[in-house]
file entry19.cif (mmCIF, C-alpha atoms)
data_final
loop_
_atom_site.label_atom_id
_atom_site.label_comp_id
_atom_site.auth_asym_id
_atom_site.auth_seq_id
_atom_site.Cartn_x
_atom_site.Cartn_y
_atom_site.Cartn_z
CA MET A 3 13.74 -11.71 8.13
CA LYS A 4 13.01 -11.00 11.80
CA LEU A 5 12.81 -7.38 12.98
CA HIS A 6 12.83 -6.54 16.68
CA LEU A 7 12.53 -2.97 17.93
CA THR A 8 13.61 -1.87 21.40
CA SER A 9 11.71 1.11 22.74
CA PHE A 10 10.95 3.40 25.63
CA LYS A 11 7.24 4.14 25.91
CA THR A 12 7.42 7.93 25.49
CA CYS A 13 10.41 8.18 23.14
CA PRO A 14 9.52 10.19 20.01
CA PHE A 15 12.46 8.79 18.06
CA VAL A 16 11.15 5.26 18.46
CA GLN A 17 7.73 6.52 17.35
CA ARG A 18 9.30 7.50 14.01
CA ALA A 19 10.30 3.90 13.39
CA VAL A 20 6.93 2.54 14.51
CA ILE A 21 5.12 4.92 12.14
CA THR A 22 7.22 3.70 9.22
CA LEU A 23 6.79 0.05 10.19
CA LYS A 24 3.02 0.41 10.45
CA HIS A 25 2.69 2.60 7.35
CA LYS A 26 4.48 -0.04 5.28
CA ASN A 27 2.81 -3.01 7.02
CA ILE A 28 6.16 -4.48 8.05
CA ASP A 29 5.95 -7.29 10.58
CA PHE A 30 7.97 -6.60 13.75
CA ASP A 31 8.21 -7.30 17.44
CA ILE A 32 8.78 -4.65 20.08
CA THR A 33 10.23 -4.66 23.60
CA TYR A 34 9.80 -1.72 25.97
CA ILE A 35 12.56 -0.99 28.48
CA ASP A 36 13.07 1.52 31.27
CA LEU A 37 15.88 3.83 30.20
CA ALA A 38 16.43 4.82 33.85
CA ASP A 39 17.27 1.18 34.56
CA PRO A 40 18.12 -0.46 31.23
CA PRO A 41 18.74 -4.21 31.12
CA ASP A 42 22.28 -5.48 30.67
CA TRP A 43 21.50 -7.06 27.29
CA PHE A 44 20.46 -3.64 25.94
CA LEU A 45 23.58 -1.89 27.25
CA GLU A 46 25.70 -4.57 25.62
CA LYS A 47 23.98 -4.34 22.24
CA SER A 48 23.26 -0.59 21.89
CA PRO A 49 26.40 1.43 21.02
CA LEU A 50 24.87 4.72 22.20
CA LYS A 51 22.75 3.13 24.95
CA LYS A 52 19.72 4.87 23.45
CA VAL A 53 16.51 3.85 21.73
CA PRO A 54 15.40 3.06 19.13
CA MET A 55 17.47 -0.01 18.53
CA LEU A 56 16.46 -2.31 15.72
CA GLN A 57 17.73 -5.87 15.57
CA VAL A 58 17.67 -7.43 12.10
CA ASN A 59 18.35 -11.15 12.25
CA GLY A 60 20.61 -10.44 15.23
CA GLU A 61 22.40 -7.46 13.65
CA VAL A 62 21.96 -4.10 15.41
CA LEU A 63 20.91 -0.79 13.86
CA PHE A 64 20.61 2.45 15.81
CA GLU A 65 19.60 6.09 15.22
CA SER A 66 16.02 6.66 14.07
CA ALA A 67 16.85 8.28 10.72
CA VAL A 68 19.13 5.38 9.77
CA ILE A 69 16.56 2.82 10.87
CA ASN A 70 13.81 4.52 8.88
CA GLU A 71 15.88 4.69 5.72
CA TYR A 72 16.73 1.01 6.06
CA LEU A 73 13.09 0.06 6.57
CA ASP A 74 12.09 2.09 3.53
CA GLU A 75 14.87 0.75 1.33
CA ILE A 76 14.05 -2.90 1.99
CA THR A 77 10.43 -2.28 1.01
CA GLY A 78 10.71 -0.27 -2.18
CA ALA A 79 12.06 3.12 -1.01
CA GLU A 80 8.85 4.97 -1.95
CA LEU A 81 9.08 7.21 1.14
CA GLN A 82 12.15 9.02 -0.18
CA PRO A 83 12.40 11.40 -3.16
CA GLU A 84 14.19 10.01 -6.20
CA ASP A 85 16.03 13.28 -6.85
CA PRO A 86 19.32 13.35 -4.87
CA LEU A 87 18.96 17.02 -3.92
CA ALA A 88 15.37 16.57 -2.75
CA ARG A 89 16.41 13.50 -0.76
CA ALA A 90 19.28 15.42 0.85
CA LYS A 91 16.93 18.27 1.73
CA ASN A 92 14.59 15.79 3.39
CA ARG A 93 17.47 14.43 5.45
CA ALA A 94 18.36 17.96 6.52
CA TRP A 95 14.78 18.72 7.62
CA ILE A 96 14.66 15.41 9.48
CA GLU A 97 17.66 16.65 11.47
CA PHE A 98 15.82 19.92 12.00
CA ALA A 99 12.89 17.94 13.41
CA SER A 100 15.25 16.15 15.78
CA ASN A 101 16.50 19.49 17.06
CA MET A 102 12.92 20.66 17.53
CA LEU A 103 12.15 17.53 19.55
CA GLY A 104 15.05 18.36 21.84
CA ASN A 105 13.78 21.90 22.34
CA LEU A 106 10.23 20.67 22.93
CA TYR A 107 11.44 18.26 25.59
CA MET A 108 13.48 20.97 27.32
CA MET A 109 10.53 23.36 27.22
CA LYS A 110 8.06 20.84 28.63
CA MET A 111 10.44 19.71 31.37
CA SER A 112 11.80 23.15 32.36
CA LYS A 113 11.35 23.82 36.06
CA ASP A 114 11.38 27.62 35.92
CA GLU A 115 9.81 30.32 33.78
CA GLU A 116 13.08 31.67 32.38
CA ARG A 117 14.20 28.35 30.90
CA TYR A 118 10.65 27.59 29.77
CA ASN A 119 10.43 30.89 27.86
CA LYS A 120 13.89 30.37 26.36
CA PHE A 121 13.02 27.03 24.82
CA ARG A 122 9.48 28.05 23.89
CA THR A 123 10.81 31.07 21.97
CA THR A 124 13.35 28.91 20.15
CA LEU A 125 10.73 26.29 19.30
CA ALA A 126 8.22 28.89 18.11
CA ASP A 127 10.89 30.42 15.86
CA GLN A 128 11.55 26.97 14.41
CA MET A 129 7.83 26.43 13.83
CA HIS A 130 7.65 29.72 11.92
CA ARG A 131 10.67 28.72 9.83
CA LEU A 132 8.95 25.44 9.06
CA GLU A 133 5.83 27.37 8.07
CA ARG A 134 7.82 29.52 5.64
CA ASN A 135 9.39 26.47 4.03
CA PHE A 136 6.32 24.26 3.87
CA GLY A 137 4.93 23.81 0.38
CA ALA A 138 1.42 23.27 -0.89
CA GLY A 139 0.95 20.03 1.05
CA PRO A 140 -0.81 17.96 2.03
CA TRP A 141 2.49 16.33 3.05
CA PHE A 142 6.01 17.66 3.46
CA ASN A 143 6.89 16.76 -0.14
CA GLY A 144 3.51 17.61 -1.56
CA GLU A 145 1.39 14.66 -2.65
CA GLN A 146 3.95 12.05 -1.55
CA PHE A 147 4.01 10.96 2.10
CA SER A 148 7.66 10.63 3.08
CA LEU A 149 10.14 9.91 5.85
CA ALA A 150 10.10 13.63 6.59
CA ASP A 151 6.45 13.26 7.61
CA THR A 152 7.31 10.30 9.84
CA ALA A 153 10.04 12.42 11.46
CA PHE A 154 7.81 15.36 12.34
CA ALA A 155 4.72 13.39 13.39
CA PRO A 156 6.06 12.50 16.89
CA LEU A 157 6.87 16.18 17.46
CA PHE A 158 3.24 17.10 16.84
CA ARG A 159 2.03 14.17 18.95
CA GLN A 160 4.07 15.28 21.93
CA ASP A 161 3.12 18.91 21.40
CA SER A 162 -0.55 17.88 21.50
CA VAL A 163 -0.59 16.47 25.05
CA ALA A 164 -3.03 17.91 27.58
CA GLN A 165 -5.57 18.46 24.79
CA HIS A 166 -3.23 20.90 23.02
CA ARG A 167 -3.33 23.31 25.99
CA LEU A 168 0.48 23.33 26.14
CA SER A 169 0.95 23.50 22.38
CA VAL A 170 3.37 25.84 20.65
CA LEU A 171 1.47 25.57 17.38
CA ASP A 172 -0.51 28.70 16.56
CA PRO A 173 -3.02 28.01 13.75
CA ASP A 174 -3.35 31.72 13.01
CA SER A 175 0.33 32.40 12.36
CA MET A 176 1.27 28.86 11.28
CA PRO A 177 -1.79 27.70 9.30
CA LYS A 178 0.04 25.36 6.92
CA VAL A 179 2.00 23.59 9.65
CA ALA A 180 -1.05 23.39 11.91
CA ALA A 181 -3.11 21.77 9.13
CA TRP A 182 -0.25 19.38 8.35
CA ALA A 183 -0.03 18.43 12.02
CA ASP A 184 -3.76 17.70 12.11
CA ARG A 185 -3.48 15.47 9.04
CA LEU A 186 -0.57 13.57 10.55
CA LEU A 187 -2.26 13.10 13.92
CA ALA A 188 -5.33 11.67 12.18
CA LEU A 189 -3.35 8.88 10.48
CA PRO A 190 -3.86 5.41 12.02
CA GLU A 191 -0.11 4.68 11.94
CA VAL A 192 0.58 7.88 13.89
CA ARG A 193 -2.23 7.27 16.40
CA ASP A 194 -1.00 3.71 16.90
CA SER A 195 2.69 4.64 17.17
CA VAL A 196 2.28 5.30 20.91
CA VAL A 197 1.15 3.01 23.72
CA ASP A 198 -2.36 3.45 25.10
CA GLU A 199 -1.02 5.06 28.27
CA PHE A 200 1.32 7.42 26.41
CA GLU A 201 -0.33 10.66 27.47
CA ASP A 202 -0.51 9.66 31.14
CA LEU A 203 3.14 8.62 31.12
CA TYR A 204 4.24 11.81 29.38
CA LEU A 205 2.33 14.09 31.75
CA GLN A 206 3.58 12.11 34.75
CA ALA A 207 7.16 12.63 33.57
CA MET A 208 6.45 16.36 33.42
CA ARG A 209 5.07 16.28 36.97
CA ASP A 210 8.06 14.31 38.20
CA ASN A 211 10.36 16.93 36.68
CA GLY A 212 8.48 19.83 38.29
CA SER A 213 7.43 21.17 34.89
CA PHE A 214 6.78 24.92 34.97
CA SER A 215 4.28 24.77 32.11
CA LEU A 216 2.28 21.95 33.69
CA ASN A 217 2.25 23.69 37.08
CA ARG A 218 1.07 26.90 35.42
CA LEU A 219 -1.66 25.02 33.58
CA ALA A 220 -2.81 23.45 36.85
CA ALA A 221 -2.89 26.87 38.51
CA GLU A 222 -5.10 28.23 35.74
CA ALA A 223 -7.60 25.37 36.04
#
call {"tool": "encode", "arguments": {"input": "entry19.cif", "output": "structure tokens"}}
result
Amino acid sequence: MKLHLTSFKTCPFVQRAVITLKHKNIDFDITYIDLADPPDWFLEKSPLKKVPMLQVNGEVLFESAVINEYLDEITGAELQPEDPLARAKNRAWIEFASNMLGNLYMMKMSKDEERYNKFRTTLADQMHRLERNFGAGPWFNGEQFSLADTAFAPLFRQDSVAQHRLSVLDPDSMPKVAAWADRLLALPEVRDSVVDEFEDLYLQAMRDNGSFSLNRLAAEA
């Protein structure tokens, strides 16, 4: 079976799939494209014209949660709870993580203070909700590393840019989530889920968008 992933170098949703692929030692190839100028072959194959796109022996899968479940299921399904309710709850929190990623992106790319504060407040509220619902750890489901962990890891990676100086995570008020984030960021599969130049590319995208938070950070330096 030949697996080929199509990616954009700073896309957190692709990073979810890469984390799962690396965690489970699944052999794959990857192609990086420019979403601002996508190639014709990608536009033809991708129904939503978004990444990640996974090609499996020529067949196309899209949407990161679907891709991750497929990758897990063909290799033993140990990253999903056996209990149907627990599995459904994981799927719901994976959607919650996707919403958080959207708010994080909007916060980081906001050009003015009002929009920045709006998305930061929303994201902080979501972090506190996550804190209240996080169990004993060390992972989202306790002792078992799961697809929920792979879903949140890119959020913490993107939140950690600029040496955490733009982070929404407050270790004092969110100690469980902050510790979980640290554990995730220390995993080799999470570290290796991004390209070497990820941080430079991410910060450059913020500069190109006239990011309020990045401009404020530069002013404080």
call {"tool": "resolve_selection", "arguments": {"input": "entry19.cif", "expression": "the PyMOL selection byres ((chain A and resi 157-172) around 10)", "output": "mmCIF file with C-alpha atoms, in the coordinates of the input"}}
result
data_model
loop_
_atom_site.group_PDB
_atom_site.id
_atom_site.type_symbol
_atom_site.label_atom_id
_atom_site.label_comp_id
_atom_site.auth_asym_id
_atom_site.auth_seq_id
_atom_site.Cartn_x
_atom_site.Cartn_y
_atom_site.Cartn_z
ATOM 1 C CA THR A 12 7.420 7.930 25.490
ATOM 2 C CA CYS A 13 10.410 8.180 23.140
ATOM 3 C CA PRO A 14 9.520 10.190 20.010
ATOM 4 C CA PHE A 15 12.460 8.790 18.060
ATOM 5 C CA GLN A 17 7.730 6.520 17.350
ATOM 6 C CA ARG A 18 9.300 7.500 14.010
ATOM 7 C CA ALA A 99 12.890 17.940 13.410
ATOM 8 C CA SER A 100 15.250 16.150 15.780
ATOM 9 C CA MET A 102 12.920 20.660 17.530
ATOM 10 C CA LEU A 103 12.150 17.530 19.550
ATOM 11 C CA GLY A 104 15.050 18.360 21.840
ATOM 12 C CA LEU A 106 10.230 20.670 22.930
ATOM 13 C CA TYR A 107 11.440 18.260 25.590
ATOM 14 C CA LYS A 110 8.060 20.840 28.630
ATOM 15 C CA ARG A 122 9.480 28.050 23.890
ATOM 16 C CA THR A 123 10.810 31.070 21.970
ATOM 17 C CA LEU A 125 10.730 26.290 19.300
ATOM 18 C CA ALA A 126 8.220 28.890 18.110
ATOM 19 C CA MET A 129 7.830 26.430 13.830
ATOM 20 C CA HIS A 130 7.650 29.720 11.920
ATOM 21 C CA THR A 152 7.310 10.300 9.840
ATOM 22 C CA ALA A 153 10.040 12.420 11.460
ATOM 23 C CA PHE A 154 7.810 15.360 12.340
ATOM 24 C CA ALA A 155 4.720 13.390 13.390
ATOM 25 C CA PRO A 156 6.060 12.500 16.890
ATOM 26 C CA PRO A 173 -3.020 28.010 13.750
ATOM 27 C CA ASP A 174 -3.350 31.720 13.010
ATOM 28 C CA SER A 175 0.330 32.400 12.360
ATOM 29 C CA MET A 176 1.270 28.860 11.280
ATOM 30 C CA PRO A 177 -1.790 27.700 9.300
ATOM 31 C CA VAL A 179 2.000 23.590 9.650
ATOM 32 C CA ALA A 180 -1.050 23.390 11.910
ATOM 33 C CA TRP A 182 -0.250 19.380 8.350
ATOM 34 C CA ALA A 183 -0.030 18.430 12.020
ATOM 35 C CA ASP A 184 -3.760 17.700 12.110
ATOM 36 C CA LEU A 186 -0.570 13.570 10.550
ATOM 37 C CA LEU A 187 -2.260 13.100 13.920
ATOM 38 C CA VAL A 192 0.580 7.880 13.890
ATOM 39 C CA ARG A 193 -2.230 7.270 16.400
ATOM 40 C CA SER A 195 2.690 4.640 17.170
ATOM 41 C CA VAL A 196 2.280 5.300 20.910
ATOM 42 C CA PHE A 200 1.320 7.420 26.410
ATOM 43 C CA GLU A 201 -0.330 10.660 27.470
ATOM 44 C CA ASP A 202 -0.510 9.660 31.140
ATOM 45 C CA TYR A 204 4.240 11.810 29.380
ATOM 46 C CA LEU A 205 2.330 14.090 31.750
ATOM 47 C CA SER A 215 4.280 24.770 32.110
ATOM 48 C CA LEU A 216 2.280 21.950 33.690
ATOM 49 C CA ARG A 218 1.070 26.900 35.420
ATOM 50 C CA LEU A 219 -1.660 25.020 33.580
#
call {"tool": "closest_atom_pairs", "arguments": {"input": "entry19.cif", "of": "stretch 58-149 of chain A", "to": "stretch 30-45 of chain A", "cutoff": "12 Å", "atoms": "only C-alpha atoms", "output": "JSON lines"}}
result
{"residue": "A:Val58", "atom": "CA", "partner": "A:Phe30", "partner_atom": "CA", "distance": 9.9}
{"residue": "A:Asn59", "atom": "CA", "partner": "A:Phe30", "partner_atom": "CA", "distance": 11.4}
{"residue": "A:Val62", "atom": "CA", "partner": "A:Phe44", "partner_atom": "CA", "distance": 10.6}
{"residue": "A:Phe64", "atom": "CA", "partner": "A:Phe44", "partner_atom": "CA", "distance": 11.8}
{"residue": "A:Leu73", "atom": "CA", "partner": "A:Phe30", "partner_atom": "CA", "distance": 11.1}
call {"tool": "closest_residue", "arguments": {"input": "entry19.cif", "among": "A:Arg185, A:Asn143, A:Pro190, A:Glu71", "to": "A:Asp85", "atoms": "only C-alpha atoms"}}
result
A:Asn143
call {"tool": "atom_distance", "arguments": {"input": "entry19.cif", "atom1": "atom CA of A:Asn92", "atom2": "atom CA of A:His6"}}
result
26.0 Å
call {"tool": "closest_residue", "arguments": {"input": "entry19.cif", "among": "A:Thr124, A:Glu97, A:Lys4, A:Pro83", "to": "A:Met109", "atoms": "all atoms listed in the file"}}
result
A:Thr124
call {"tool": "residues_around", "arguments": {"input": "entry19.cif", "residues": "A:Ser112", "least_positions_apart": "2", "cutoff": "8 Å", "atoms": "only C-alpha atoms", "output": "list in words"}}
result
Met108, Met109, Lys110, Asp114, Glu115, Arg117, Tyr118, Asn211, Gly212, Ser213, Phe214 and Ser215 of chain A
call {"tool": "closest_residue", "arguments": {"input": "entry19.cif", "among": "A:Phe121, A:Ala138, A:Asp194, A:Ile28", "to": "A:Asp74", "atoms": "all atoms listed in the file"}}
result
A:Ile28
call {"tool": "decode", "arguments": {"input": "entry19.cif", "residues": "stretch 32-123 of chain A", "atoms": "C-alpha atoms", "output": "mmCIF file, in the first residue's frame"}}
result
data_model
loop_
_atom_site.group_PDB
_atom_site.id
_atom_site.type_symbol
_atom_site.label_atom_id
_atom_site.label_comp_id
_atom_site.auth_asym_id
_atom_site.auth_seq_id
_atom_site.Cartn_x
_atom_site.Cartn_y
_atom_site.Cartn_z
ATOM 1 C CA ILE A 32 4.834 13.860 1.362
ATOM 2 C CA THR A 33 4.533 16.713 -1.131
ATOM 3 C CA TYR A 34 4.397 20.354 -0.039
ATOM 4 C CA ILE A 35 2.380 22.807 -2.116
ATOM 5 C CA ASP A 36 1.708 26.537 -1.993
ATOM 6 C CA LEU A 37 -1.964 26.980 -1.151
ATOM 7 C CA ALA A 38 -1.833 30.526 -2.567
ATOM 8 C CA ASP A 39 -0.935 29.000 -5.924
ATOM 9 C CA PRO A 40 -1.947 25.330 -5.824
ATOM 10 C CA PRO A 41 -1.031 23.074 -8.735
ATOM 11 C CA ASP A 42 -3.755 21.949 -11.126
ATOM 12 C CA TRP A 43 -3.374 18.284 -10.154
ATOM 13 C CA PHE A 44 -4.189 19.158 -6.529
ATOM 14 C CA LEU A 45 -7.256 21.231 -7.451
ATOM 15 C CA GLU A 46 -8.498 18.334 -9.554
ATOM 16 C CA LYS A 47 -8.010 15.723 -6.843
ATOM 17 C CA SER A 48 -8.968 17.605 -3.646
ATOM 18 C CA PRO A 49 -12.755 18.043 -3.276
ATOM 19 C CA LEU A 50 -12.398 20.920 -0.791
ATOM 20 C CA LYS A 51 -9.156 22.251 -2.298
ATOM 21 C CA LYS A 52 -7.601 22.051 1.162
ATOM 22 C CA VAL A 53 -4.854 20.075 2.856
ATOM 23 C CA PRO A 54 -4.284 17.505 4.155
ATOM 24 C CA MET A 55 -5.047 15.234 1.269
ATOM 25 C CA LEU A 56 -4.022 11.612 1.544
ATOM 26 C CA GLN A 57 -3.764 9.428 -1.538
ATOM 27 C CA VAL A 58 -4.050 5.691 -0.861
ATOM 28 C CA ASN A 59 -3.127 3.661 -3.917
ATOM 29 C CA GLY A 60 -4.570 6.489 -6.008
ATOM 30 C CA GLU A 61 -7.751 6.915 -3.942
ATOM 31 C CA VAL A 62 -8.215 10.292 -2.227
ATOM 32 C CA LEU A 63 -9.035 10.949 1.425
ATOM 33 C CA PHE A 64 -9.516 14.415 2.891
ATOM 34 C CA GLU A 65 -10.235 16.036 6.275
ATOM 35 C CA SER A 66 -7.647 15.448 8.993
ATOM 36 C CA ALA A 67 -9.932 13.644 11.455
ATOM 37 C CA VAL A 68 -11.044 11.181 8.767
ATOM 38 C CA ILE A 69 -7.470 10.614 7.618
ATOM 39 C CA ASN A 70 -6.288 9.991 11.171
ATOM 40 C CA GLU A 71 -9.043 7.492 11.899
ATOM 41 C CA TYR A 72 -8.232 5.639 8.690
ATOM 42 C CA LEU A 73 -4.522 5.530 9.504
ATOM 43 C CA ASP A 74 -5.291 4.223 12.979
ATOM 44 C CA GLU A 75 -7.796 1.641 11.812
ATOM 45 C CA ILE A 76 -5.453 0.074 9.255
ATOM 46 C CA THR A 77 -2.799 -0.344 11.947
ATOM 47 C CA GLY A 78 -4.715 -1.786 14.866
ATOM 48 C CA ALA A 79 -6.923 1.114 16.044
ATOM 49 C CA GLU A 80 -5.101 1.429 19.382
ATOM 50 C CA LEU A 81 -5.338 5.244 19.301
ATOM 51 C CA GLN A 82 -9.113 5.202 19.786
ATOM 52 C CA PRO A 83 -11.088 4.143 22.872
ATOM 53 C CA GLU A 84 -12.948 0.849 22.570
ATOM 54 C CA ASP A 85 -16.028 2.196 24.345
ATOM 55 C CA PRO A 86 -18.391 3.833 21.799
ATOM 56 C CA LEU A 87 -19.274 6.738 24.108
ATOM 57 C CA ALA A 88 -15.627 7.450 24.923
ATOM 58 C CA ARG A 89 -14.778 7.289 21.223
ATOM 59 C CA ALA A 90 -17.608 9.697 20.392
ATOM 60 C CA LYS A 91 -16.437 12.084 23.111
ATOM 61 C CA ASN A 92 -12.945 12.012 21.629
ATOM 62 C CA ARG A 93 -14.362 12.889 18.218
ATOM 63 C CA ALA A 94 -16.247 15.802 19.771
ATOM 64 C CA TRP A 95 -13.109 17.155 21.475
ATOM 65 C CA ILE A 96 -11.176 16.765 18.223
ATOM 66 C CA GLU A 97 -13.756 19.091 16.648
ATOM 67 C CA PHE A 98 -13.292 21.421 19.609
ATOM 68 C CA ALA A 99 -9.552 21.442 18.892
ATOM 69 C CA SER A 100 -10.261 22.332 15.271
ATOM 70 C CA ASN A 101 -12.327 25.298 16.406
ATOM 71 C CA MET A 102 -9.525 26.378 18.720
ATOM 72 C CA LEU A 103 -7.055 26.226 15.836
ATOM 73 C CA GLY A 104 -9.293 28.559 13.864
ATOM 74 C CA ASN A 105 -9.452 31.019 16.748
ATOM 75 C CA LEU A 106 -5.690 30.803 17.287
ATOM 76 C CA TYR A 107 -5.061 31.582 13.628
ATOM 77 C CA MET A 108 -7.445 34.546 13.699
ATOM 78 C CA MET A 109 -5.837 35.857 16.880
ATOM 79 C CA LYS A 110 -2.289 35.569 15.553
ATOM 80 C CA MET A 111 -3.173 37.139 12.204
ATOM 81 C CA SER A 112 -5.457 39.928 13.505
ATOM 82 C CA LYS A 113 -4.305 43.336 12.319
ATOM 83 C CA ASP A 114 -5.884 45.413 15.089
ATOM 84 C CA GLU A 115 -6.164 45.240 18.854
ATOM 85 C CA GLU A 116 -9.951 44.855 18.958
ATOM 86 C CA ARG A 117 -10.016 41.723 16.802
ATOM 87 C CA TYR A 118 -6.921 40.385 18.542
ATOM 88 C CA ASN A 119 -8.557 40.731 21.968
ATOM 89 C CA LYS A 120 -11.795 39.193 20.698
ATOM 90 C CA PHE A 121 -10.131 36.001 19.514
ATOM 91 C CA ARG A 122 -7.691 35.857 22.418
ATOM 92 C CA THR A 123 -10.580 36.030 24.914
#
